[in-house]
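Structure below is protein09.pdb: PDB, C-alpha atoms, pLDDT in the B column.
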ATOM      1  CA  MET A  20       0.000   0.000   0.000  1.00 83.00           C
ATOM      2  CA  THR A  21       2.816   2.406   0.880  1.00 88.00           C
ATOM      3  CA  GLN A  22       4.565   1.791  -2.430  1.00 91.00           C
ATOM      4  CA  HIS A  23       1.316   2.409  -4.295  1.00 89.00           C
ATOM      5  CA  LEU A  24       0.801   5.712  -2.490  1.00 90.00           C
ATOM      6  CA  ILE A  25       4.382   6.731  -3.273  1.00 91.00           C
ATOM      7  CA  SER A  26       3.777   5.953  -6.945  1.00 92.00           C
ATOM      8  CA  ILE A  27       0.660   8.158  -7.138  1.00 92.00           C
ATOM      9  CA  THR A  28       1.536  10.928  -4.644  1.00 94.00           C
ATOM     10  CA  PRO A  29       4.298  13.334  -5.611  1.00 94.00           C
ATOM     11  CA  LYS A  30       6.521  14.602  -2.807  1.00 95.00           C
ATOM     12  CA  PRO A  31       6.145  18.344  -2.234  1.00 95.00           C
ATOM     13  CA  ALA A  32       9.425  20.130  -2.905  1.00 95.00           C
ATOM     14  CA  GLU A  33       9.524  21.705   0.556  1.00 96.00           C
ATOM     15  CA  MET A  34       8.905  18.406   2.393  1.00 95.00           C
ATOM     16  CA  LYS A  35      11.803  16.344   3.718  1.00 96.00           C
ATOM     17  CA  GLN A  36      12.034  12.769   2.421  1.00 96.00           C
ATOM     18  CA  GLU A  37      11.638  11.307   5.933  1.00 96.00           C
ATOM     19  CA  ALA A  38       8.477  13.315   6.579  1.00 96.00           C
ATOM     20  CA  TYR A  39       7.067  12.332   3.175  1.00 95.00           C
ATOM     21  CA  GLU A  40       7.640   8.622   3.806  1.00 94.00           C
ATOM     22  CA  ARG A  41       6.303   8.843   7.360  1.00 95.00           C
ATOM     23  CA  THR A  42       3.150  10.585   6.128  1.00 94.00           C
ATOM     24  CA  LEU A  43       2.497   8.029   3.414  1.00 93.00           C
ATOM     25  CA  LYS A  44       3.149   5.107   5.776  1.00 93.00           C
ATOM     26  CA  ALA A  45       0.590   6.556   8.196  1.00 92.00           C
ATOM     27  CA  ARG A  46      -1.889   7.051   5.352  1.00 90.00           C
ATOM     28  CA  ALA A  47      -1.340   3.457   4.184  1.00 88.00           C
ATOM     29  CA  PHE A  48      -1.945   2.222   7.727  1.00 86.00           C
ATOM     30  CA  ASP A  49      -5.211   4.184   7.981  1.00 81.00           C
ATOM     31  CA  ILE A  50      -6.437   2.917   4.615  1.00 79.00           C
ATOM     32  CA  THR A  51      -5.613  -0.669   5.533  1.00 77.00           C
ATOM     33  CA  ARG A  52      -7.295  -0.340   8.915  1.00 72.00           C
ATOM     34  CA  TYR A  53     -10.530   0.902   7.361  1.00 68.00           C
ATOM     35  CA  CYS A  54     -10.451  -1.849   4.738  1.00 66.00           C
ATOM     36  CA  CYS A  55     -10.401  -4.460   7.489  1.00 65.00           C
ATOM     37  CA  ALA A  56     -14.030  -4.215   8.577  1.00 56.00           C
ATOM     38  CA  GLY A  57     -14.637  -5.600  12.033  1.00 57.00           C
ATOM     39  CA  TYR A  58     -10.990  -5.301  13.074  1.00 54.00           C
ATOM     40  CA  GLU A  59     -11.952  -4.996  16.730  1.00 54.00           C
ATOM     41  CA  TYR A  60     -13.259  -8.570  16.679  1.00 53.00           C
ATOM     42  CA  PHE A  61      -9.890 -10.085  15.793  1.00 55.00           C
ATOM     43  CA  ALA A  62      -8.334  -9.638  19.228  1.00 57.00           C
ATOM     44  CA  GLY A  63      -9.126 -11.722  22.274  1.00 61.00           C
ATOM     45  CA  GLU A  64      -8.537 -11.043  25.936  1.00 67.00           C
ATOM     46  CA  ILE A  65      -9.496 -12.767  29.164  1.00 73.00           C
ATOM     47  CA  VAL A  66     -10.032 -10.278  31.985  1.00 75.00           C
ATOM     48  CA  ASN A  67     -12.212  -9.898  35.033  1.00 82.00           C
ATOM     49  CA  ALA A  68     -15.101  -7.411  35.000  1.00 80.00           C
ATOM     50  CA  ARG A  69     -13.266  -4.721  36.978  1.00 85.00           C
ATOM     51  CA  THR A  70     -10.282  -4.750  34.600  1.00 85.00           C
ATOM     52  CA  LEU A  71     -12.588  -4.613  31.579  1.00 82.00           C
ATOM     53  CA  GLU A  72     -14.446  -1.619  32.998  1.00 86.00           C
ATOM     54  CA  THR A  73     -11.140   0.162  33.670  1.00 89.00           C
ATOM     55  CA  GLN A  74      -9.932  -0.508  30.132  1.00 86.00           C
ATOM     56  CA  VAL A  75     -13.204   0.698  28.624  1.00 88.00           C
ATOM     57  CA  ALA A  76     -13.045   3.856  30.769  1.00 91.00           C
ATOM     58  CA  HIS A  77      -9.571   4.597  29.383  1.00 90.00           C
ATOM     59  CA  LEU A  78     -10.796   4.092  25.818  1.00 89.00           C
ATOM     60  CA  LEU A  79     -13.828   6.343  26.393  1.00 92.00           C
ATOM     61  CA  SER A  80     -11.630   9.176  27.679  1.00 92.00           C
ATOM     62  CA  HIS A  81      -9.124   8.977  24.814  1.00 89.00           C
ATOM     63  CA  THR A  82      -8.458  12.051  22.644  1.00 89.00           C
ATOM     64  CA  HIS A  83      -9.066  10.242  19.325  1.00 87.00           C
ATOM     65  CA  ASN A  84     -12.634   9.724  18.120  1.00 88.00           C
ATOM     66  CA  GLU A  85     -11.855   6.259  16.734  1.00 87.00           C
ATOM     67  CA  VAL A  86     -10.586   5.045  20.100  1.00 86.00           C
ATOM     68  CA  ARG A  87     -13.620   6.474  21.903  1.00 89.00           C
ATOM     69  CA  ALA A  88     -15.904   4.750  19.362  1.00 89.00           C
ATOM     70  CA  LEU A  89     -14.189   1.444  20.096  1.00 85.00           C
ATOM     71  CA  GLY A  90     -14.756   2.090  23.809  1.00 86.00           C
ATOM     72  CA  GLU A  91     -18.453   2.756  23.163  1.00 89.00           C
ATOM     73  CA  SER A  92     -18.728  -0.450  21.174  1.00 84.00           C
ATOM     74  CA  LEU A  93     -17.100  -2.478  23.946  1.00 81.00           C
ATOM     75  CA  LYS A  94     -19.246  -0.777  26.553  1.00 84.00           C
ATOM     76  CA  LYS A  95     -22.463  -1.657  24.730  1.00 82.00           C
ATOM     77  CA  ARG A  96     -21.460  -5.258  24.055  1.00 77.00           C
ATOM     78  CA  HIS A  97     -19.667  -6.230  27.239  1.00 70.00           C
ATOM     79  CA  VAL A  98     -19.748  -3.826  30.156  1.00 59.00           C
ATOM     80  CA  GLY A  99     -23.491  -3.206  29.864  1.00 57.00           C
ATOM     81  CA  GLY A 100     -24.079  -6.959  29.768  1.00 55.00           C
ATOM     82  CA  LEU A 101     -21.971  -7.449  32.876  1.00 53.00           C
ATOM     83  CA  GLN A 102     -23.973  -4.890  34.799  1.00 52.00           C
ATOM     84  CA  ARG A 103     -27.284  -6.508  33.823  1.00 47.00           C
ATOM     85  CA  GLU A 104     -26.113  -9.984  34.836  1.00 46.00           C
ATOM     86  CA  CYS A 105     -24.835  -8.947  38.275  1.00 44.00           C
TER      87      CYS A 105
END
Let me see whether you can do it: turn the structure in this file into structure tokens.
Amino acid sequence: MTQHLISITPKPAEMKQEAYERTLKARAFDITRYCCAGYEYFAGEIVNARTLETQVAHLLSHTHNEVRALGESLKKRHVGGLQREC
């Protein structure tokens, strides 16, 4: 993906080569992440309810919208279910 972006995206004259490559690598990562629908389902973790709630709280307070959305998704699917079962 990075090589494809390099082939179609000219480097601005004022941009350093390292910054150009770093930018395109980040863009390639973002594109790949969005192409992998359901990426949050690919990871597994065994934790107790208190640890899960702490982790979700950290995700919900994150500065990036994507991370907060993941926290909301986990909260709806797991933490809410834990509270109803207890």
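Between CA of Thr82 (chain A) and CA of Arg69 (chain A) lies a distance of 22.6 Å.
Our summary of the geometry notes that CA of Pro29 (chain A) is positioned 12.1 Å from CA of Thr42 (chain A).
Put simply, CA of Leu89 (chain A) is 28.2 Å away from CA of Glu40 (chain A).
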Report task. Just say which residues the PyMOL selection byres ((chain A and resi 75) around 9) picks in this file, as a VMD selection string. Result -> chain A and resid 70 to 74 76 to 80 87 89 to 91 93 to 94 98
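Applied to this file, the PyMOL selection byres ((chain A and resi 46) around 12) selects the residues A:Met20, A:Thr21, A:Gln22, A:His23, A:Leu24, A:Ile25, A:Thr28, A:Tyr39, A:Glu40, A:Arg41, A:Thr42, A:Leu43, A:Lys44, A:Ala45, A:Ala47, A:Phe48, A:Asp49, A:Ile50, A:Thr51, A:Arg52, A:Tyr53.
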Please write a file for region 73-90 of chain A, taken from the block I just shared, that holds N, CA and C atoms and is laid out as an mmCIF file, in the first residue's frame.
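This went into selection.cif:
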data_model
loop_
_atom_site.group_PDB
_atom_site.id
_atom_site.type_symbol
_atom_site.label_atom_id
_atom_site.label_comp_id
_atom_site.auth_asym_id
_atom_site.auth_seq_id
_atom_site.Cartn_x
_atom_site.Cartn_y
_atom_site.Cartn_z
ATOM 1 N N THR A 73 -12.239 -0.812 33.645
ATOM 2 C CA THR A 73 -11.140 0.162 33.670
ATOM 3 C C THR A 73 -10.610 0.418 32.265
ATOM 4 N N GLN A 74 -10.429 -0.662 31.501
ATOM 5 C CA GLN A 74 -9.932 -0.508 30.132
ATOM 6 C C GLN A 74 -10.913 0.278 29.275
ATOM 7 N N VAL A 75 -12.190 -0.021 29.401
ATOM 8 C CA VAL A 75 -13.204 0.698 28.624
ATOM 9 C C VAL A 75 -13.228 2.175 29.025
ATOM 10 N N ALA A 76 -13.078 2.462 30.310
ATOM 11 C CA ALA A 76 -13.045 3.856 30.769
ATOM 12 C C ALA A 76 -11.881 4.611 30.138
ATOM 13 N N HIS A 77 -10.726 3.958 30.029
ATOM 14 C CA HIS A 77 -9.571 4.597 29.383
ATOM 15 C C HIS A 77 -9.846 4.862 27.910
ATOM 16 N N LEU A 78 -10.475 3.905 27.236
ATOM 17 C CA LEU A 78 -10.796 4.092 25.818
ATOM 18 C C LEU A 78 -11.794 5.237 25.641
ATOM 19 N N LEU A 79 -12.799 5.304 26.505
ATOM 20 C CA LEU A 79 -13.828 6.343 26.393
ATOM 21 C C LEU A 79 -13.286 7.747 26.642
ATOM 22 N N SER A 80 -12.193 7.851 27.373
ATOM 23 C CA SER A 80 -11.630 9.176 27.679
ATOM 24 C C SER A 80 -10.471 9.545 26.757
ATOM 25 N N HIS A 81 -10.236 8.735 25.737
ATOM 26 C CA HIS A 81 -9.124 8.977 24.814
ATOM 27 C C HIS A 81 -9.390 10.214 23.961
ATOM 28 N N THR A 82 -8.328 10.832 23.448
ATOM 29 C CA THR A 82 -8.458 12.051 22.644
ATOM 30 C C THR A 82 -8.899 11.777 21.211
ATOM 31 N N HIS A 83 -8.701 10.561 20.708
ATOM 32 C CA HIS A 83 -9.066 10.242 19.325
ATOM 33 C C HIS A 83 -10.478 9.670 19.244
ATOM 34 N N ASN A 84 -11.256 10.176 18.292
ATOM 35 C CA ASN A 84 -12.634 9.724 18.120
ATOM 36 C C ASN A 84 -12.726 8.224 17.868
ATOM 37 N N GLU A 85 -11.807 7.682 17.074
ATOM 38 C CA GLU A 85 -11.855 6.259 16.734
ATOM 39 C C GLU A 85 -11.695 5.391 17.977
ATOM 40 N N VAL A 86 -10.824 5.812 18.878
ATOM 41 C CA VAL A 86 -10.586 5.045 20.100
ATOM 42 C C VAL A 86 -11.808 5.136 21.010
ATOM 43 N N ARG A 87 -12.403 6.329 21.097
ATOM 44 C CA ARG A 87 -13.620 6.474 21.903
ATOM 45 C C ARG A 87 -14.761 5.639 21.327
ATOM 46 N N ALA A 88 -14.859 5.566 19.995
ATOM 47 C CA ALA A 88 -15.904 4.750 19.362
ATOM 48 C C ALA A 88 -15.704 3.270 19.699
ATOM 49 N N LEU A 89 -14.471 2.822 19.714
ATOM 50 C CA LEU A 89 -14.189 1.444 20.096
ATOM 51 C C LEU A 89 -14.609 1.220 21.551
ATOM 52 N N GLY A 90 -14.332 2.186 22.411
ATOM 53 C CA GLY A 90 -14.756 2.090 23.809
ATOM 54 C C GLY A 90 -16.264 2.007 23.940
#
